[in-house]
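I have placed the structure first, in the form of structure tokens, so that the comments after it can refer back to it.
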Amino acid sequence: MRRSAHAVLAALLTLVTSGCGPRYAARDTPQAGQRQVLTSEDDALLEDVSKRSFLFFWEHADPSTGIVRDRARTGGAPVDGPGRDVGSIAAVGFGLTGLCIAAERNWVPRDQAIARARTTLRFFAERQPHERGWFYHFVNIRTGAREWKSELSSIDTALLLAGVLTVRQCFPHPEIVRLADVIYRRVDFPWMLAGDSRLLSMGWKPESGFLASRWDHYCELMILYLLAIGSPTHPLPAASWTAWRRPVITFDRYAYIGGPPPLFVHQYSHAWVDFRGWRDPAPARTDWFQNSVDATRAHKTFCLTLSREFPGYRGDVWGITASDSRKGYVAWGGPPRDPAIDGSVVPCAAAGSLMFAPDITMPVVREMYRTFGARIYGRYGFADAFHPTEGWVNPDVIGIDLGITLLSAENLRTGRVWDWFMRNPEVPSAMARAGLTR
């Protein structure tokens with residue numbers, strides 16, 4: 001951003017934080033799907049955060065394959081060393097969706113966004129190595145070859161498919177539709193059951209076969225099972241939806257269905273699937289959207305309980321989800337307390353939940369920008385993680401963390417990602433088959 005534009009935005013943010021009153025209706029638990037109105041200042045900030053987040057996907061996707069790097073430096077350069085050209089298929093799913101947002105917002109010419117989407121889908125349909133339609137988690141951005149002996153990842157393939165189906169509806173050109181159909185219809189979902197009747201394996205390796213771990217309890221798995229149940233060629237039985245466990249977490253005054261502590265487990269499926277207004281009969285007519293609202297609110301409360309130990313956590317600076325740390329990548333979060341927590345803040349924790357609870361998450365985005373500024377805010381928006389009191393700032397950004405920020409902000413602002421994805425008839429059909437009702 002040019003310095004003059006930065007100064008204008010800074011002035012706007014000063015107005016926002018100068019005691020002009022609440023930005024949202026004073027509701028502690030807004031009803032699921034309630035539209036929150038952003039101020040012009042907040043919308044300007046989200047425009048800048050979103051555009052910068054998208055720039056990562058635009059600059060770090062190989063122009064011949066469309067595969068997106070897993071990570072890059074905050075200043076724009078690829079990482080050094082053997083990870084330089086390692087791509088993430090989940091990041092490709094976020095990046096494809098980002099192309100739709102960028103075209104609608106005129107960040108890039110629409111014909112260029114369509115061309116990038118077509119190139120990506122053509123590579124994955126015709127050249128990318130796969131096994132029965134499933135893709136390796138980490139691949140070389142230039143060749144598509146498997147990297148780091150990673151697994152064929154069931155969840156990362158699902159996140160890729162989410163992007164594939166989003167562009168199928170956003171850019172309904174005949175070749176894009178055809179290629180998207182090839183990619184989705186080819187996935188053999190029953191094969192990934194690995195002998196089970198309902199529950200999917202987390203992956204497969206050519207050296208050792210299927211991973212023993214299964215998608216058997218609540219986490220980011222909902223989009224995987226819906227895509228599987230809705231498959232027009234290799235569907236799973238509807239009973240797979242009710243086969244995974246739904247443990248209830250109680251913290252402070254919140255009770256919600258949860259699983260592993262990182263907050264992203266409550267975000268990823270919702271980035272595409274519009275659960276607003278749907279109810280799941282098991283258990284007790286669960287409202288999955290409200291469940292993520294409650295999980296976000298509980299997470300804020302949890303972070304604030306740590307403020308005596310880590311004074312950097314306060315009402316408008318909080319958020320812990322899987323990210324880099326000073327000791328490497330950590331799948332931390334809470335509640336319950338993860339012993340690895342060291343007081344770091346992960347911006348995509350609050351930013352990824354903008355679509356759920358903007359009254360508590362937008363102030364975090366605003367305050368991080370206002371207080372820490374260029375220390376943590378660079379070419380691609382916020383650094384992946386930072387420590388608010390000890391000065392540590394992660395030198396990298398990670399594609400999936402920028403992706404959930406981009407998609408969640410767009411769903412808050414316009415709901416477009418939800419609209420595009422839900423136009424795919426397989427999705428609401430799968431929800432109905434699984435027993436969800438409106």
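Chain labels A, B, ... are given in the sequence in which chains occur in the structure tokens; within each chain residues are numbered consecutively from 1, and ligands are likewise numbered from 1 in the order shown.
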Quick check for you: according to DSSP on this backbone, which residues of segment 58-262 of chain A are classed as strand (DSSP E)? Reply as a list in words.
Arg71, Ala72, Arg73, Val86, Gly87, Ser88, Phe138, Val139, Asn140, Leu152, Ser153, Gly203, Trp204, Lys205, Gly209, Phe210, Val248, Ile249, Thr250, Phe251, Tyr254, Ala255, Tyr256 and Ile257 of chain A
Residues as selected, N, CA and C atoms, written as an mmCIF file, in the first residue's frame, can you do that?
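Output (out_23.cif):
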data_model
loop_
_atom_site.group_PDB
_atom_site.id
_atom_site.type_symbol
_atom_site.label_atom_id
_atom_site.label_comp_id
_atom_site.auth_asym_id
_atom_site.auth_seq_id
_atom_site.Cartn_x
_atom_site.Cartn_y
_atom_site.Cartn_z
ATOM 1 N N ARG A 71 3.730 -21.575 2.099
ATOM 2 C CA ARG A 71 4.059 -20.405 2.897
ATOM 3 C C ARG A 71 5.015 -19.509 2.131
ATOM 4 N N ALA A 72 5.185 -18.290 2.641
ATOM 5 C CA ALA A 72 6.127 -17.331 2.083
ATOM 6 C C ALA A 72 6.536 -16.372 3.187
ATOM 7 N N ARG A 73 7.552 -15.561 2.910
ATOM 8 C CA ARG A 73 7.955 -14.528 3.858
ATOM 9 C C ARG A 73 6.937 -13.395 3.858
ATOM 10 N N VAL A 86 7.426 -25.876 -2.146
ATOM 11 C CA VAL A 86 6.437 -26.839 -1.661
ATOM 12 C C VAL A 86 5.070 -26.168 -1.616
ATOM 13 N N GLY A 87 4.110 -26.783 -2.277
ATOM 14 C CA GLY A 87 2.756 -26.257 -2.307
ATOM 15 C C GLY A 87 1.812 -27.078 -1.463
ATOM 16 N N SER A 88 0.683 -26.487 -1.144
ATOM 17 C CA SER A 88 -0.353 -27.122 -0.325
ATOM 18 C C SER A 88 -1.633 -27.210 -1.141
ATOM 19 N N PHE A 138 1.124 -32.259 0.362
ATOM 20 C CA PHE A 138 2.147 -31.299 -0.065
ATOM 21 C C PHE A 138 2.753 -31.758 -1.388
ATOM 22 N N VAL A 139 2.840 -30.837 -2.336
ATOM 23 C CA VAL A 139 3.328 -31.169 -3.670
ATOM 24 C C VAL A 139 4.217 -30.045 -4.185
ATOM 25 N N ASN A 140 5.040 -30.374 -5.160
ATOM 26 C CA ASN A 140 5.891 -29.370 -5.775
ATOM 27 C C ASN A 140 5.046 -28.440 -6.628
ATOM 28 N N LEU A 152 -1.705 -39.016 0.902
ATOM 29 C CA LEU A 152 -2.927 -38.609 0.223
ATOM 30 C C LEU A 152 -3.861 -38.145 1.322
ATOM 31 N N SER A 153 -4.193 -36.871 1.343
ATOM 32 C CA SER A 153 -4.927 -36.315 2.480
ATOM 33 C C SER A 153 -6.406 -36.183 2.155
ATOM 34 N N GLY A 203 -6.067 -40.593 5.600
ATOM 35 C CA GLY A 203 -5.210 -40.559 4.431
ATOM 36 C C GLY A 203 -4.607 -41.900 4.098
ATOM 37 N N TRP A 204 -3.714 -41.875 3.100
ATOM 38 C CA TRP A 204 -3.092 -43.099 2.587
ATOM 39 C C TRP A 204 -1.693 -42.772 2.108
ATOM 40 N N LYS A 205 -0.750 -43.703 2.343
ATOM 41 C CA LYS A 205 0.613 -43.557 1.851
ATOM 42 C C LYS A 205 0.988 -44.802 1.045
ATOM 43 N N GLY A 209 0.144 -47.802 3.282
ATOM 44 C CA GLY A 209 -1.302 -47.959 3.168
ATOM 45 C C GLY A 209 -2.068 -46.885 3.917
ATOM 46 N N PHE A 210 -3.287 -47.223 4.326
ATOM 47 C CA PHE A 210 -4.165 -46.252 4.964
ATOM 48 C C PHE A 210 -3.677 -45.868 6.353
ATOM 49 N N VAL A 248 -19.335 -32.643 23.841
ATOM 50 C CA VAL A 248 -19.717 -31.300 24.282
ATOM 51 C C VAL A 248 -18.637 -30.753 25.207
ATOM 52 N N ILE A 249 -18.217 -29.527 24.911
ATOM 53 C CA ILE A 249 -17.249 -28.823 25.742
ATOM 54 C C ILE A 249 -17.986 -27.742 26.524
ATOM 55 N N THR A 250 -17.736 -27.671 27.793
ATOM 56 C CA THR A 250 -18.325 -26.627 28.631
ATOM 57 C C THR A 250 -17.207 -25.765 29.185
ATOM 58 N N PHE A 251 -17.323 -24.472 28.964
ATOM 59 C CA PHE A 251 -16.332 -23.543 29.493
ATOM 60 C C PHE A 251 -17.030 -22.249 29.871
ATOM 61 N N TYR A 254 -20.470 -21.185 28.433
ATOM 62 C CA TYR A 254 -20.685 -21.700 27.079
ATOM 63 C C TYR A 254 -20.628 -23.216 27.069
ATOM 64 N N ALA A 255 -21.531 -23.820 26.320
ATOM 65 C CA ALA A 255 -21.523 -25.253 26.062
ATOM 66 C C ALA A 255 -21.718 -25.432 24.559
ATOM 67 N N TYR A 256 -20.800 -26.170 23.947
ATOM 68 C CA TYR A 256 -20.851 -26.324 22.494
ATOM 69 C C TYR A 256 -20.163 -27.623 22.112
ATOM 70 N N ILE A 257 -20.467 -28.110 20.930
ATOM 71 C CA ILE A 257 -19.810 -29.309 20.420
ATOM 72 C C ILE A 257 -18.429 -28.918 19.926
#
Might you pull out every residue within 10 Å of Ala239 of chain A, with only C-alpha atoms counted and same-chain residues fewer than 6 positions away left off, and present them as a PyMOL selection string?
chain A and resi 197-199+229+433-435
Go ahead and write the residues just picked, C-alpha atoms, as a PDB file, in the first residue's frame.
ATOM      1  CA  SER A 197     -18.607 -48.980   6.710  1.00  0.00           C
ATOM      2  CA  ARG A 198     -18.998 -45.272   7.532  1.00  0.00           C
ATOM      3  CA  LEU A 199     -15.876 -43.469   8.802  1.00  0.00           C
ATOM      4  CA  ILE A 229     -22.365 -37.992   0.771  1.00  0.00           C
ATOM      5  CA  ARG A 433     -29.625 -36.719   2.872  1.00  0.00           C
ATOM      6  CA  ALA A 434     -27.676 -36.355   6.125  1.00  0.00           C
ATOM      7  CA  GLY A 435     -30.897 -35.339   7.851  1.00  0.00           C
TER       8      GLY A 435
END
Could you give me, as a count of residues only, the residues within 12 Å of Asp287 of chain A, counting only C-alpha atoms and dropping anything in the same chain fewer than 4 positions from it?
22
When DSSP works through the backbone of this structure, what residues of segment 87-172 of chain A end up as alpha helix (DSSP H), shown as a PyMOL selection string?
chain A and resi 89-104+110-126+154-170
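Residue nearest Ile400 of chain A within the list A:Trp148, A:Pro206, A:Leu160, A:Pro109: A:Leu160 [criterion: smallest interatomic distance, only C-alpha atoms].
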Distance query Leu263 of chain A at most 7 Å, only C-alpha atoms, self and fewer than 3 positions along chain excluded, as a CSV table (one decimal) with C-alpha atoms, in the first residue's frame:
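Saved the output as part_34.csv:
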chain,number,residue,atom,x,y,z
A,266,HIS,CA,-14.9,-24.4,13.9
A,267,GLN,CA,-14.0,-22.3,10.8
A,321,THR,CA,-5.2,-21.4,16.6
A,333,GLY,CA,-5.6,-23.5,21.1
A,349,ALA,CA,-8.0,-17.0,15.0
I want to know what sits within 12 Å of Ser429 of chain A, based on only C-alpha atoms, with residues of the same chain fewer than 3 positions away left out; could you give that as a PDB file with N, CA and C atoms, in the first residue's frame?
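Ended up saving to out.pdb:
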ATOM      1  N   LEU A 226     -19.865 -34.044   3.824  1.00  0.00           N
ATOM      2  CA  LEU A 226     -20.919 -33.567   2.932  1.00  0.00           C
ATOM      3  C   LEU A 226     -20.543 -33.766   1.468  1.00  0.00           C
ATOM      4  N   LEU A 227     -19.291 -33.485   1.107  1.00  0.00           N
ATOM      5  CA  LEU A 227     -18.863 -33.716  -0.264  1.00  0.00           C
ATOM      6  C   LEU A 227     -18.919 -35.206  -0.598  1.00  0.00           C
ATOM      7  N   ALA A 228     -18.615 -36.051   0.380  1.00  0.00           N
ATOM      8  CA  ALA A 228     -18.653 -37.492   0.150  1.00  0.00           C
ATOM      9  C   ALA A 228     -20.083 -37.994  -0.012  1.00  0.00           C
ATOM     10  N   ILE A 229     -20.964 -37.561   0.855  1.00  0.00           N
ATOM     11  CA  ILE A 229     -22.365 -37.992   0.771  1.00  0.00           C
ATOM     12  C   ILE A 229     -23.013 -37.464  -0.500  1.00  0.00           C
ATOM     13  N   GLY A 230     -22.607 -36.275  -0.943  1.00  0.00           N
ATOM     14  CA  GLY A 230     -23.204 -35.667  -2.133  1.00  0.00           C
ATOM     15  C   GLY A 230     -22.584 -36.100  -3.435  1.00  0.00           C
ATOM     16  N   SER A 231     -21.536 -36.916  -3.401  1.00  0.00           N
ATOM     17  CA  SER A 231     -20.863 -37.316  -4.634  1.00  0.00           C
ATOM     18  C   SER A 231     -21.839 -37.940  -5.620  1.00  0.00           C
ATOM     19  N   PRO A 232     -21.840 -37.463  -6.871  1.00  0.00           N
ATOM     20  CA  PRO A 232     -22.757 -38.040  -7.864  1.00  0.00           C
ATOM     21  C   PRO A 232     -22.275 -39.384  -8.409  1.00  0.00           C
ATOM     22  N   PRO A 235     -20.694 -42.035  -3.812  1.00  0.00           N
ATOM     23  CA  PRO A 235     -21.153 -41.457  -2.541  1.00  0.00           C
ATOM     24  C   PRO A 235     -20.942 -42.380  -1.356  1.00  0.00           C
ATOM     25  N   ALA A 238     -25.538 -41.975   3.869  1.00  0.00           N
ATOM     26  CA  ALA A 238     -25.908 -40.854   4.736  1.00  0.00           C
ATOM     27  C   ALA A 238     -25.569 -41.141   6.194  1.00  0.00           C
ATOM     28  N   MET A 422     -22.973 -22.901  -2.260  1.00  0.00           N
ATOM     29  CA  MET A 422     -24.270 -23.545  -2.043  1.00  0.00           C
ATOM     30  C   MET A 422     -25.084 -23.678  -3.320  1.00  0.00           C
ATOM     31  N   ARG A 423     -24.668 -23.025  -4.409  1.00  0.00           N
ATOM     32  CA  ARG A 423     -25.339 -23.229  -5.696  1.00  0.00           C
ATOM     33  C   ARG A 423     -25.039 -24.607  -6.282  1.00  0.00           C
ATOM     34  N   ASN A 424     -23.995 -25.260  -5.809  1.00  0.00           N
ATOM     35  CA  ASN A 424     -23.703 -26.613  -6.267  1.00  0.00           C
ATOM     36  C   ASN A 424     -24.780 -27.546  -5.736  1.00  0.00           C
ATOM     37  N   PRO A 425     -25.571 -28.166  -6.594  1.00  0.00           N
ATOM     38  CA  PRO A 425     -26.718 -28.941  -6.101  1.00  0.00           C
ATOM     39  C   PRO A 425     -26.319 -30.101  -5.207  1.00  0.00           C
ATOM     40  N   GLU A 426     -25.087 -30.591  -5.359  1.00  0.00           N
ATOM     41  CA  GLU A 426     -24.660 -31.721  -4.541  1.00  0.00           C
ATOM     42  C   GLU A 426     -24.618 -31.369  -3.056  1.00  0.00           C
ATOM     43  N   ALA A 432     -29.459 -32.514   3.045  1.00  0.00           N
ATOM     44  CA  ALA A 432     -30.786 -33.098   3.238  1.00  0.00           C
ATOM     45  C   ALA A 432     -30.672 -34.614   3.465  1.00  0.00           C
ATOM     46  N   ARG A 433     -29.810 -35.278   2.697  1.00  0.00           N
ATOM     47  CA  ARG A 433     -29.625 -36.719   2.872  1.00  0.00           C
ATOM     48  C   ARG A 433     -29.094 -37.029   4.258  1.00  0.00           C
ATOM     49  N   ALA A 434     -28.251 -36.144   4.786  1.00  0.00           N
ATOM     50  CA  ALA A 434     -27.676 -36.355   6.125  1.00  0.00           C
ATOM     51  C   ALA A 434     -28.692 -36.101   7.222  1.00  0.00           C
ATOM     52  N   GLY A 435     -29.847 -35.558   6.872  1.00  0.00           N
ATOM     53  CA  GLY A 435     -30.897 -35.339   7.851  1.00  0.00           C
ATOM     54  C   GLY A 435     -31.021 -33.909   8.325  1.00  0.00           C
ATOM     55  N   LEU A 436     -30.211 -32.990   7.805  1.00  0.00           N
ATOM     56  CA  LEU A 436     -30.337 -31.593   8.179  1.00  0.00           C
ATOM     57  C   LEU A 436     -31.591 -31.007   7.558  1.00  0.00           C
ATOM     58  N   THR A 437     -32.259 -30.145   8.305  1.00  0.00           N
ATOM     59  CA  THR A 437     -33.501 -29.544   7.834  1.00  0.00           C
ATOM     60  C   THR A 437     -33.452 -28.041   8.022  1.00  0.00           C
TER      61      THR A 437
END
Give the answer as one residue: which of A:Val187, A:Val68, A:Leu224, A:Leu412 has the shortest atom-to-atom distance to Leu55 of chain A, using only C-alpha atoms?
A:Val68
A:Thr74, A:Thr166, A:Thr143, A:Thr119 ranked by distance to Val427 of chain A, top pick (using only C-alpha atoms):
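Nearest to Val427 of chain A: A:Thr166.
Using only C-alpha atoms, the smallest distance between any of A:Thr97, A:Ile141, A:Leu193, A:Ile376 and Leu165 of chain A comes from A:Thr97.
Closest approach to Phe421 of chain A among A:Trp332, A:Phe171, A:Phe289, A:Tyr225: A:Phe171, based on only C-alpha atoms.
With only C-alpha atoms as the atoms that count, the residue of A:Ser208, A:Pro347, A:His173, A:Leu200 with the shortest distance to Trp241 of chain A is A:Leu200.
Near Asp324 of chain A, within a cut-off of 10 Å and counting only C-alpha atoms, sit the residues Tyr329, Val330, Ala331, Trp332, Ser344, Val346, Ala383, Asp384, Ala385, Phe386, Val393, Asn394, Pro395, Asp396, Val397 and Ile398 of chain A, with same-chain residues fewer than 5 positions away left out.
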Using only C-alpha atoms, which residues sit within 10 Å of Ala103 of chain A once same-chain residues fewer than 5 positions away are excluded, as a ChimeraX atom specification?
/A:98,108-114,170-171
If I take atom CA of Gly378 of chain A and atom CA of Asp401 of chain A, how far is one from the other in Å, to one decimal?
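Interatomic distance, atom CA of Gly378 of chain A to atom CA of Asp401 of chain A: 14.7 Å.
Atom to atom, atom CA of Pro172 of chain A and atom CA of Arg142 of chain A stand 26.6 Å apart.
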